[in-house]
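Undergrad: File name run_1.tsv; file contents TSV, C-alpha atoms; full text below.
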```tsv
chain	number	residue	atom	x	y	z
Y	1368	MET	CA	66.56	-200.89	-93.60
Y	1369	GLY	CA	65.82	-197.19	-94.26
Y	1370	ILE	CA	66.88	-194.27	-92.05
Y	1371	THR	CA	63.34	-193.83	-90.63
Y	1372	ASP	CA	63.29	-197.53	-89.63
Y	1373	LYS	CA	66.70	-197.18	-87.94
Y	1374	ILE	CA	65.48	-194.07	-86.04
Y	1375	ALA	CA	62.32	-195.91	-84.90
Y	1376	GLU	CA	64.39	-198.93	-83.76
Y	1377	ILE	CA	66.80	-196.75	-81.72
Y	1378	GLU	CA	63.87	-194.86	-80.15
Y	1379	ARG	CA	62.29	-198.17	-79.10
Y	1380	GLU	CA	65.65	-199.35	-77.67
Y	1381	ILE	CA	66.01	-196.12	-75.64
Y	1382	ALA	CA	62.44	-196.49	-74.32
Y	1383	ARG	CA	63.14	-200.15	-73.34
Y	1384	THR	CA	66.49	-199.47	-71.63
Y	1385	GLN	CA	66.24	-198.74	-67.92
Y	1386	LYS	CA	68.17	-195.61	-66.95
Y	1387	ASN	CA	70.83	-196.31	-64.32
Y	1388	LYS	CA	74.59	-196.11	-63.76
Y	1389	ALA	CA	75.24	-199.37	-65.64
Y	1390	THR	CA	73.42	-198.31	-68.83
Y	1391	GLU	CA	74.46	-194.64	-69.11
Y	1392	TYR	CA	77.23	-195.37	-71.68
Y	1393	HIS	CA	74.90	-197.52	-73.78
Y	1394	LEU	CA	72.20	-194.79	-73.71
Y	1395	GLY	CA	74.74	-192.09	-74.58
Y	1396	LEU	CA	75.88	-194.09	-77.60
Y	1397	LEU	CA	72.28	-194.69	-78.74
Y	1398	LYS	CA	71.50	-190.95	-78.46
Y	1399	ALA	CA	74.59	-190.08	-80.54
Y	1400	LYS	CA	73.50	-192.55	-83.26
Y	1401	LEU	CA	69.95	-191.17	-83.16
Y	1402	ALA	CA	71.18	-187.57	-83.63
Y	1403	LYS	CA	73.38	-188.72	-86.55
Y	1404	TYR	CA	70.52	-190.49	-88.36
Y	1405	ARG	CA	68.18	-187.52	-87.80
Y	1406	ALA	CA	70.78	-185.20	-89.33
Y	1407	GLN	CA	70.97	-187.50	-92.39
Y	1408	LEU	CA	67.19	-187.42	-92.69
Y	1409	LEU	CA	67.20	-183.61	-92.88
Y	1410	GLU	CA	69.75	-183.49	-95.70
Y	1411	PRO	CA	68.15	-182.67	-99.08
Y	1412	SER	CA	67.84	-185.65	-101.40
Y	1413	LYS	CA	70.27	-185.90	-104.34
Y	1414	SER	CA	67.54	-186.61	-106.92
Y	1415	ALA	CA	65.82	-183.38	-107.91
Y	1416	GLY	CA	62.05	-183.72	-107.75
Y	1417	ALA	CA	59.44	-181.78	-109.71
Y	1418	LYS	CA	59.48	-178.06	-109.02
Y	1419	GLY	CA	56.52	-176.92	-106.93
Y	1420	GLU	CA	55.24	-173.71	-105.43
Y	1421	GLY	CA	57.84	-171.73	-103.42
Y	1422	PHE	CA	57.45	-172.18	-99.65
Y	1423	ASP	CA	59.85	-169.78	-97.92
Y	1424	VAL	CA	59.03	-166.08	-97.69
Y	1425	MET	CA	61.60	-163.28	-97.83
Y	1426	LYS	CA	62.38	-161.90	-94.37
Y	1427	SER	CA	61.05	-158.38	-93.84
Y	1428	GLY	CA	60.21	-156.02	-90.99
Y	1429	ASP	CA	61.87	-155.77	-87.58
Y	1430	ALA	CA	61.27	-159.38	-86.48
Y	1431	ARG	CA	59.83	-162.66	-87.75
Y	1432	VAL	CA	57.32	-164.84	-85.88
Y	1433	ALA	CA	56.34	-168.34	-87.08
Y	1434	LEU	CA	52.86	-169.62	-86.31
Y	1435	ILE	CA	52.86	-173.41	-86.04
Y	1436	GLY	CA	50.33	-175.95	-84.83
Y	1437	PHE	CA	48.12	-178.84	-85.84
Y	1438	PRO	CA	45.44	-178.35	-88.51
Y	1439	SER	CA	42.25	-176.49	-87.49
Y	1440	VAL	CA	43.52	-174.88	-84.26
Y	1441	GLY	CA	42.81	-171.31	-85.46
Y	1442	LYS	CA	46.12	-170.18	-87.02
Y	1443	SER	CA	44.53	-168.60	-90.11
Y	1444	THR	CA	41.82	-166.87	-88.03
Y	1445	PHE	CA	44.54	-165.50	-85.74
Y	1446	LEU	CA	46.55	-164.16	-88.73
Y	1447	SER	CA	43.44	-162.47	-90.16
Y	1448	LEU	CA	42.65	-160.84	-86.77
Y	1449	MET	CA	46.19	-159.59	-86.03
Y	1450	THR	CA	47.16	-158.41	-89.53
Y	1451	SER	CA	45.48	-156.94	-92.61
Y	1452	THR	CA	46.14	-160.21	-94.48
Y	1453	ALA	CA	43.14	-162.46	-95.11
Y	1454	SER	CA	44.07	-166.14	-94.70
Y	1455	GLU	CA	41.40	-168.66	-95.70
Y	1456	ALA	CA	39.79	-170.29	-92.66
Y	1457	ALA	CA	37.31	-173.17	-92.84
Y	1458	SER	CA	35.90	-175.98	-90.68
Y	1459	TYR	CA	37.96	-178.67	-92.48
Y	1460	GLU	CA	41.64	-179.56	-91.93
Y	1461	PHE	CA	44.56	-178.38	-94.16
Y	1462	THR	CA	42.81	-175.19	-95.36
Y	1463	THR	CA	46.26	-173.52	-95.53
Y	1464	LEU	CA	48.58	-175.36	-97.95
Y	1465	THR	CA	51.45	-172.87	-98.26
Y	1466	CYS	CA	53.16	-170.19	-96.14
Y	1467	ILE	CA	51.05	-167.01	-95.83
Y	1468	PRO	CA	52.83	-163.89	-94.49
Y	1469	GLY	CA	51.21	-160.97	-92.68
Y	1470	VAL	CA	52.51	-157.91	-90.80
Y	1471	ILE	CA	51.59	-156.94	-87.22
Y	1472	GLU	CA	52.06	-153.21	-86.61
Y	1473	TYR	CA	52.75	-152.69	-82.90
Y	1474	LYS	CA	54.54	-149.82	-81.08
Y	1475	GLY	CA	55.92	-148.59	-84.40
Y	1476	ALA	CA	57.45	-151.98	-85.25
Y	1477	ASN	CA	56.58	-154.17	-88.23
Y	1478	ILE	CA	56.51	-157.80	-87.06
Y	1479	GLN	CA	56.28	-160.39	-89.84
Y	1480	LEU	CA	53.84	-163.17	-88.92
Y	1481	LEU	CA	53.96	-166.39	-90.96
Y	1482	ASP	CA	50.91	-168.65	-91.08
Y	1483	LEU	CA	52.38	-172.09	-91.80
Y	1484	PRO	CA	50.40	-175.18	-92.89
Y	1485	GLY	CA	49.28	-177.50	-90.10
Y	1486	ILE	CA	51.87	-179.97	-88.79
Y	1487	ILE	CA	50.93	-183.62	-88.35
Y	1488	GLU	CA	52.65	-186.36	-86.36
Y	1489	GLY	CA	55.74	-187.53	-88.28
Y	1490	ALA	CA	56.38	-184.08	-89.77
Y	1491	ALA	CA	60.12	-184.39	-89.05
Y	1492	GLN	CA	60.21	-187.42	-91.39
Y	1493	GLY	CA	58.61	-185.32	-94.13
Y	1494	LYS	CA	54.91	-186.16	-93.69
Y	1495	GLY	CA	52.44	-183.46	-94.81
Y	1496	ARG	CA	55.12	-180.97	-96.00
Y	1497	GLY	CA	56.46	-181.13	-92.45
Y	1498	ARG	CA	60.11	-180.57	-93.41
Y	1499	GLN	CA	59.33	-177.32	-95.28
Y	1500	VAL	CA	57.21	-176.04	-92.36
Y	1501	ILE	CA	59.97	-176.80	-89.84
Y	1502	ALA	CA	62.67	-175.29	-92.12
Y	1503	VAL	CA	60.76	-171.97	-92.20
Y	1504	ALA	CA	60.21	-172.13	-88.41
Y	1505	ARG	CA	64.02	-172.35	-87.92
Y	1506	THR	CA	64.43	-168.87	-89.50
Y	1507	ALA	CA	62.02	-167.17	-87.07
Y	1508	ASP	CA	62.93	-165.06	-84.02
Y	1509	VAL	CA	60.02	-166.45	-81.97
Y	1510	VAL	CA	57.72	-169.45	-82.47
Y	1511	ILE	CA	54.04	-169.14	-81.54
Y	1512	MET	CA	52.74	-172.65	-80.94
Y	1513	MET	CA	48.98	-172.48	-81.48
Y	1514	LEU	CA	47.17	-175.17	-79.47
Y	1515	ASP	CA	43.54	-176.21	-79.14
Y	1516	ALA	CA	42.59	-175.77	-75.45
Y	1517	THR	CA	39.90	-178.45	-75.77
Y	1518	LYS	CA	42.47	-181.16	-76.72
Y	1519	GLY	CA	44.50	-181.14	-73.48
Y	1520	GLU	CA	48.30	-181.53	-73.51
Y	1521	VAL	CA	48.57	-184.07	-76.36
Y	1522	GLN	CA	49.18	-181.48	-79.12
Y	1523	ARG	CA	51.87	-179.63	-77.16
Y	1524	GLU	CA	53.83	-182.82	-76.39
Y	1525	LEU	CA	53.68	-184.05	-80.01
Y	1526	LEU	CA	54.77	-180.69	-81.48
Y	1527	GLU	CA	57.63	-180.32	-79.00
Y	1528	LYS	CA	58.81	-183.84	-79.93
Y	1529	GLU	CA	58.69	-183.04	-83.69
Y	1530	LEU	CA	60.64	-179.77	-83.28
Y	1531	GLU	CA	63.13	-181.37	-80.87
Y	1532	SER	CA	63.93	-184.13	-83.41
Y	1533	VAL	CA	64.94	-181.56	-86.07
Y	1534	GLY	CA	67.21	-179.54	-83.79
Y	1535	ILE	CA	64.88	-176.74	-82.64
Y	1536	ARG	CA	65.31	-176.16	-78.90
Y	1537	LEU	CA	62.43	-174.19	-77.38
Y	1538	ASN	CA	62.90	-171.82	-74.41
Y	1539	ARG	CA	66.39	-173.16	-73.72
Y	1540	SER	CA	69.77	-171.49	-73.82
Y	1541	LYS	CA	72.83	-172.86	-75.62
Y	1542	PRO	CA	74.85	-175.28	-73.40
Y	1543	ASN	CA	77.94	-173.64	-71.90
Y	1544	ILE	CA	80.40	-176.20	-73.31
Y	1545	TYR	CA	83.62	-175.33	-75.15
Y	1546	PHE	CA	84.32	-177.84	-77.94
Y	1547	LYS	CA	87.08	-177.64	-80.56
Y	1548	PRO	CA	88.26	-180.53	-82.80
Y	1549	LYS	CA	92.07	-180.78	-83.22
Y	1550	LYS	CA	94.43	-182.49	-85.67
Y	1551	GLY	CA	96.29	-184.45	-83.02
Y	1552	GLY	CA	97.00	-184.86	-79.31
Y	1553	GLY	CA	94.01	-187.01	-78.31
Y	1554	LEU	CA	91.18	-185.85	-76.06
Y	1555	SER	CA	91.67	-182.95	-73.64
Y	1556	TYR	CA	88.77	-183.14	-71.13
Y	1557	ASN	CA	88.15	-180.59	-68.35
Y	1558	SER	CA	85.30	-179.08	-66.34
Y	1559	THR	CA	84.91	-176.03	-64.11
Y	1560	VAL	CA	81.95	-177.55	-62.19
Y	1561	PRO	CA	81.28	-181.04	-60.71
Y	1562	LEU	CA	79.67	-183.21	-63.44
Y	1563	THR	CA	76.93	-185.70	-62.51
Y	1564	GLN	CA	75.70	-186.72	-65.99
Y	1565	CYS	CA	78.73	-186.73	-68.35
Y	1566	SER	CA	81.92	-188.66	-67.53
Y	1567	GLU	CA	85.16	-188.61	-69.56
Y	1568	LYS	CA	84.50	-192.16	-70.83
Y	1569	LEU	CA	80.98	-191.21	-72.04
Y	1570	VAL	CA	82.29	-188.06	-73.79
Y	1571	GLN	CA	84.97	-190.21	-75.51
Y	1572	LEU	CA	82.38	-192.79	-76.66
Y	1573	ILE	CA	80.10	-190.08	-78.13
Y	1574	LEU	CA	83.04	-188.41	-79.93
Y	1575	HIS	CA	84.17	-191.79	-81.37
Y	1576	GLU	CA	80.66	-192.30	-82.78
Y	1577	TYR	CA	81.22	-189.06	-84.77
Y	1578	LYS	CA	84.74	-190.22	-85.82
Y	1579	ILE	CA	86.35	-187.50	-83.65
Y	1580	PHE	CA	89.48	-188.73	-81.81
Y	1581	ASN	CA	91.30	-185.44	-81.12
Y	1582	ALA	CA	89.45	-182.56	-79.45
Y	1583	GLU	CA	89.36	-180.05	-76.62
Y	1584	VAL	CA	86.26	-180.28	-74.37
Y	1585	LEU	CA	85.54	-177.94	-71.44
Y	1586	PHE	CA	82.28	-178.17	-69.47
Y	1587	ARG	CA	81.31	-174.90	-67.77
Y	1588	GLU	CA	77.99	-176.32	-66.49
Y	1589	ASP	CA	76.56	-179.70	-65.49
Y	1590	SER	CA	75.22	-180.71	-68.92
Y	1591	THR	CA	73.44	-183.85	-70.13
Y	1592	PRO	CA	74.75	-186.17	-72.90
Y	1593	ASP	CA	71.99	-184.77	-75.19
Y	1594	GLU	CA	73.30	-181.22	-74.70
Y	1595	PHE	CA	76.86	-182.34	-75.45
Y	1596	ILE	CA	75.65	-184.03	-78.68
Y	1597	ASP	CA	73.92	-180.73	-79.63
Y	1598	VAL	CA	77.26	-178.91	-79.25
Y	1599	ILE	CA	79.07	-181.48	-81.45
Y	1600	VAL	CA	76.43	-181.35	-84.19
Y	1601	GLY	CA	76.45	-177.55	-84.06
Y	1602	ASN	CA	73.32	-176.86	-86.16
Y	1603	ARG	CA	70.83	-176.52	-83.29
Y	1604	VAL	CA	68.57	-173.47	-83.11
Y	1605	TYR	CA	67.68	-172.05	-79.68
Y	1606	MET	CA	64.60	-169.86	-79.77
Y	1607	PRO	CA	61.86	-168.57	-77.48
Y	1608	CYS	CA	58.43	-170.17	-77.87
Y	1609	LEU	CA	55.05	-168.85	-76.75
Y	1610	TYR	CA	52.38	-171.50	-76.19
Y	1611	VAL	CA	49.02	-169.98	-77.19
Y	1612	TYR	CA	45.89	-171.90	-76.15
Y	1613	ASN	CA	43.00	-170.98	-78.45
Y	1614	LYS	CA	39.26	-171.74	-78.03
Y	1615	VAL	CA	39.28	-171.10	-74.25
Y	1616	ASP	CA	35.59	-170.09	-74.50
Y	1617	GLN	CA	34.80	-173.81	-74.91
Y	1618	ILE	CA	36.41	-175.05	-71.64
Y	1619	SER	CA	35.75	-174.55	-67.91
Y	1620	ILE	CA	37.09	-171.52	-66.03
Y	1621	GLU	CA	39.22	-173.84	-63.82
Y	1622	GLU	CA	40.93	-175.27	-66.91
Y	1623	VAL	CA	41.48	-171.73	-68.32
Y	1624	ASN	CA	43.08	-170.72	-65.01
Y	1625	ARG	CA	45.36	-173.80	-65.04
Y	1626	LEU	CA	46.53	-173.18	-68.62
Y	1627	ALA	CA	47.04	-169.43	-68.03
Y	1628	HIS	CA	49.39	-170.15	-65.11
Y	1629	ARG	CA	51.60	-172.51	-67.13
Y	1630	GLU	CA	55.08	-171.22	-67.98
Y	1631	ASN	CA	55.42	-169.42	-71.36
Y	1632	SER	CA	51.66	-169.77	-71.98
Y	1633	VAL	CA	48.87	-167.36	-72.99
Y	1634	VAL	CA	45.15	-168.19	-73.31
Y	1635	ILE	CA	43.04	-166.58	-76.06
Y	1636	SER	CA	39.84	-167.00	-78.03
Y	1637	CYS	CA	40.00	-165.95	-81.69
Y	1638	GLY	CA	36.26	-166.55	-82.09
Y	1639	MET	CA	35.37	-164.09	-79.28
Y	1640	LYS	CA	38.51	-161.92	-79.67
Y	1641	LEU	CA	39.55	-162.47	-76.03
Y	1642	ASN	CA	43.00	-161.58	-74.56
Y	1643	LEU	CA	44.60	-160.69	-77.92
Y	1644	ASP	CA	46.03	-157.40	-76.57
Y	1645	TYR	CA	47.82	-159.24	-73.72
Y	1646	LEU	CA	49.22	-161.73	-76.26
Y	1647	LEU	CA	50.72	-158.83	-78.26
Y	1648	GLU	CA	52.36	-157.39	-75.11
Y	1649	THR	CA	53.84	-160.81	-74.23
Y	1650	LEU	CA	55.07	-161.31	-77.82
Y	1651	TRP	CA	56.84	-157.92	-77.67
Y	1652	GLU	CA	58.68	-159.06	-74.51
Y	1653	TYR	CA	59.69	-162.37	-76.11
Y	1654	LEU	CA	61.06	-160.59	-79.20
Y	1655	SER	CA	63.26	-158.39	-76.92
Y	1656	LEU	CA	62.59	-155.28	-79.03
Y	1657	ILE	CA	63.02	-151.68	-77.83
Y	1658	CYS	CA	61.86	-148.37	-79.30
Y	1659	ILE	CA	64.50	-145.63	-79.68
Y	1660	TYR	CA	63.37	-142.07	-80.44
Y	1661	THR	CA	65.72	-139.39	-81.79
Y	1662	LYS	CA	65.58	-135.68	-80.95
Y	1663	LYS	CA	67.13	-132.57	-82.42
Y	1664	ARG	CA	69.03	-130.21	-80.14
Y	1665	GLY	CA	66.67	-127.84	-78.28
Y	1666	GLU	CA	63.55	-129.66	-79.53
Y	1667	ARG	CA	61.24	-132.29	-78.07
Y	1668	PRO	CA	61.71	-135.90	-79.26
Y	1669	ASP	CA	59.54	-137.19	-82.10
Y	1670	PHE	CA	57.48	-140.03	-80.57
Y	1671	ASN	CA	55.80	-140.87	-83.88
Y	1672	ASP	CA	58.88	-142.26	-85.62
Y	1673	ALA	CA	60.74	-144.93	-83.61
Y	1674	ILE	CA	63.91	-146.84	-84.46
Y	1675	ILE	CA	63.27	-150.49	-83.52
Y	1676	MET	CA	66.30	-152.31	-82.11
Y	1677	ARG	CA	67.12	-155.48	-80.15
Y	1678	ARG	CA	67.49	-155.12	-76.38
Y	1679	ALA	CA	71.26	-155.82	-76.35
Y	1680	SER	CA	72.03	-153.20	-79.06
Y	1681	SER	CA	74.72	-150.53	-78.60
Y	1682	VAL	CA	74.85	-146.89	-79.77
Y	1683	GLU	CA	77.02	-148.09	-82.68
Y	1684	HIS	CA	74.19	-150.39	-83.87
Y	1685	VAL	CA	71.79	-147.43	-83.83
Y	1686	CYS	CA	74.26	-145.38	-85.91
Y	1687	HIS	CA	74.46	-148.14	-88.53
Y	1688	ARG	CA	70.67	-148.33	-88.60
Y	1689	ILE	CA	70.34	-144.57	-89.33
Y	1690	HIS	CA	73.14	-144.45	-91.95
Y	1691	ARG	CA	76.18	-146.65	-92.60
Y	1692	THR	CA	78.63	-143.69	-92.67
Y	1693	LEU	CA	77.39	-142.15	-89.37
Y	1694	ALA	CA	79.45	-144.40	-87.08
Y	1695	SER	CA	82.80	-143.33	-88.63
Y	1696	GLN	CA	82.04	-139.61	-87.99
Y	1697	PHE	CA	80.38	-140.20	-84.60
Y	1698	LYS	CA	81.63	-138.28	-81.51
Y	1699	TYR	CA	79.14	-138.79	-78.64
Y	1700	ALA	CA	75.45	-139.41	-77.87
Y	1701	LEU	CA	73.15	-138.22	-75.10
Y	1702	VAL	CA	70.86	-141.03	-73.95
Y	1703	TRP	CA	67.68	-140.81	-71.88
Y	1704	VAL	CA	65.98	-144.01	-70.64
Y	1705	SER	CA	62.35	-144.38	-69.52
Y	1706	SER	CA	63.32	-145.62	-66.03
Y	1707	SER	CA	65.32	-142.44	-65.28
Y	1708	PHE	CA	65.04	-139.05	-66.92
Y	1709	GLN	CA	68.73	-138.23	-66.27
Y	1710	LYS	CA	70.73	-138.08	-69.49
Y	1711	GLN	CA	73.89	-140.17	-69.83
```
Could I get this file's structure written as structure tokens?

TA:
Amino acid sequence: MGITDKIAEIEREIARTQKNKATEYHLGLLKAKLAKYRAQLLEPSKSAGAKGEGFDVMKSGDARVALIGFPSVGKSTFLSLMTSTASEAASYEFTTLTCIPGVIEYKGANIQLLDLPGIIEGAAQGKGRGRQVIAVARTADVVIMMLDATKGEVQRELLEKELESVGIRLNRSKPNIYFKPKKGGGLSYNSTVPLTQCSEKLVQLILHEYKIFNAEVLFREDSTPDEFIDVIVGNRVYMPCLYVYNKVDQISIEEVNRLAHRENSVVISCGMKLNLDYLLETLWEYLSLICIYTKKRGERPDFNDAIIMRRASSVEHVCHRIHRTLASQFKYALVWVSSSFQKQ
């Protein structure tokens, strides 16, 4: 029995098993096995295949955005509209067969936009170059999930399932669980909050499945068994995702209104060039970028040349961005923020 068959069998078993107090240990064990098999599936094969065209693109600019979705949802048209790159668009599926990069210039920042080939169901198992597409998506700062508004919620659910199975967690933060394997001393289990989903016995069973018998575990939030498995595996990627519904000119205004009010969602029409400016504003917020302008003493600041930084950056980060030796000679900085014109 191959790994894909084992994964399918465990998924069927989980779907069959009724969730209650009596089956929680059994379900926890099944989920741990499932995560282990999925990790094996993602490992590169030992036998080297024939060399093909390179898929990954060198990271450039201030941020990277991956554009993923099913074939023929408008990804290539969107790339051509937002950047100066022309990506082939046609009425048949799989027009794009490799990764096509473009650059969005917005508020002085260069945002790299990657048009990836269409994902199909079973991409996580390697169907339709799915593994390469997902591997590139893991390196992005934000994922734009392009969806066809005329197809309902089916596409969104399938794509979320594919990304979830390869360790990409969308619009979720890392679980607040401290985990450290030890050489001896057994299991040290503690929590700072009441736990309703993970007991000490379940934690022990999951750790035994990974051949871990000595470890320190501290729960700082009420986490699920799935989140605890994510912490053990350690290769999960947590990233913001923007759900973009294209072709809204082909559906009713009530449906447009419903989709627009969904969390993390934006509605657009590439064909009629509708709402693209609002999408750019939302993308800027999701990337958490800020513009920093420098000024010489006694002169007005130069608003044409911005330094693009992440929102949590310090003055030291800005110094390193200007020149690597500046931080060692640095004495003080005067900072003005847009919300208050008082210098600090």

Undergrad: Skip Y:Phe1445 itself and residues of its chain fewer than 5 positions away, then list as an NGL selection string all residues within 10 Å of it, counting all atoms listed in the file.

TA: :Y and (1434 or 1440 or 1450 or 1453-1454 or 1456 or 1482 or 1513 or 1613 or 1635-1638 or 1640 or 1643)

Undergrad: Kindly give the distance, in Å, that separates atom CA of Y:Ala1406 and atom CA of Y:Ile1573, rounded to a single decimal.

TA: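 Computed distance, atom CA of Y:Ala1406 to atom CA of Y:Ile1573, equals 15.4 Å.
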
Undergrad: Please check which residues have atoms at most 12 Å from (82.1, -177.3, -67.4) in the file's coordinates, counting only C-alpha atoms, and write them as a PyMOL selection string.

TA: chain Y and resi 1542-1546+1556-1567+1584-1591+1595

Undergrad: I need the residues from that last selection saved to file as a short mmCIF file (atom, residue, chain, number, x, y, z; two decimals), keeping the file's coordinate frame (with C-alpha atoms), if you can.

TA:
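Saved result, out26.cif, follows:
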```
data_model
loop_
_atom_site.label_atom_id
_atom_site.label_comp_id
_atom_site.auth_asym_id
_atom_site.auth_seq_id
_atom_site.Cartn_x
_atom_site.Cartn_y
_atom_site.Cartn_z
CA PRO Y 1542 74.85 -175.28 -73.40
CA ASN Y 1543 77.94 -173.64 -71.90
CA ILE Y 1544 80.40 -176.20 -73.31
CA TYR Y 1545 83.62 -175.33 -75.15
CA PHE Y 1546 84.32 -177.84 -77.94
CA TYR Y 1556 88.77 -183.14 -71.13
CA ASN Y 1557 88.15 -180.59 -68.35
CA SER Y 1558 85.30 -179.08 -66.34
CA THR Y 1559 84.91 -176.03 -64.11
CA VAL Y 1560 81.95 -177.55 -62.19
CA PRO Y 1561 81.28 -181.04 -60.71
CA LEU Y 1562 79.67 -183.21 -63.44
CA THR Y 1563 76.93 -185.70 -62.51
CA GLN Y 1564 75.70 -186.72 -65.99
CA CYS Y 1565 78.73 -186.73 -68.35
CA SER Y 1566 81.92 -188.66 -67.53
CA GLU Y 1567 85.16 -188.61 -69.56
CA VAL Y 1584 86.26 -180.28 -74.37
CA LEU Y 1585 85.54 -177.94 -71.44
CA PHE Y 1586 82.28 -178.17 -69.47
CA ARG Y 1587 81.31 -174.90 -67.77
CA GLU Y 1588 77.99 -176.32 -66.49
CA ASP Y 1589 76.56 -179.70 -65.49
CA SER Y 1590 75.22 -180.71 -68.92
CA THR Y 1591 73.44 -183.85 -70.13
CA PHE Y 1595 76.86 -182.34 -75.45
#
```

Undergrad: Between atom CA of Y:Gly1428 and atom CA of Y:Asn1477, what distance in Å does the model show, to one decimal?

TA: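 About the pair atom CA of Y:Gly1428 and atom CA of Y:Asn1477: they are 4.9 Å apart.
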
Undergrad: Ranking Y:Lys1426, Y:Lys1403, Y:Lys1474, Y:Lys1398 by minimum distance to Y:Arg1379 and counting only C-alpha atoms, which one comes first?

TA: Y:Lys1398

Undergrad: So how far away is atom CA of Y:Asn1538 from atom CA of Y:Glu1630, in Å?

TA: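 Interatomic distance, atom CA of Y:Glu1630 to atom CA of Y:Asn1538: 10.1 Å.
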
Undergrad: With distances taken over only C-alpha atoms, which residue among Y:Pro1592, Y:Lys1550, Y:Val1600, Y:Ile1501 lies nearest Y:Phe1580?

TA: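 Distance minimum relative to Y:Phe1580 lands on Y:Lys1550.
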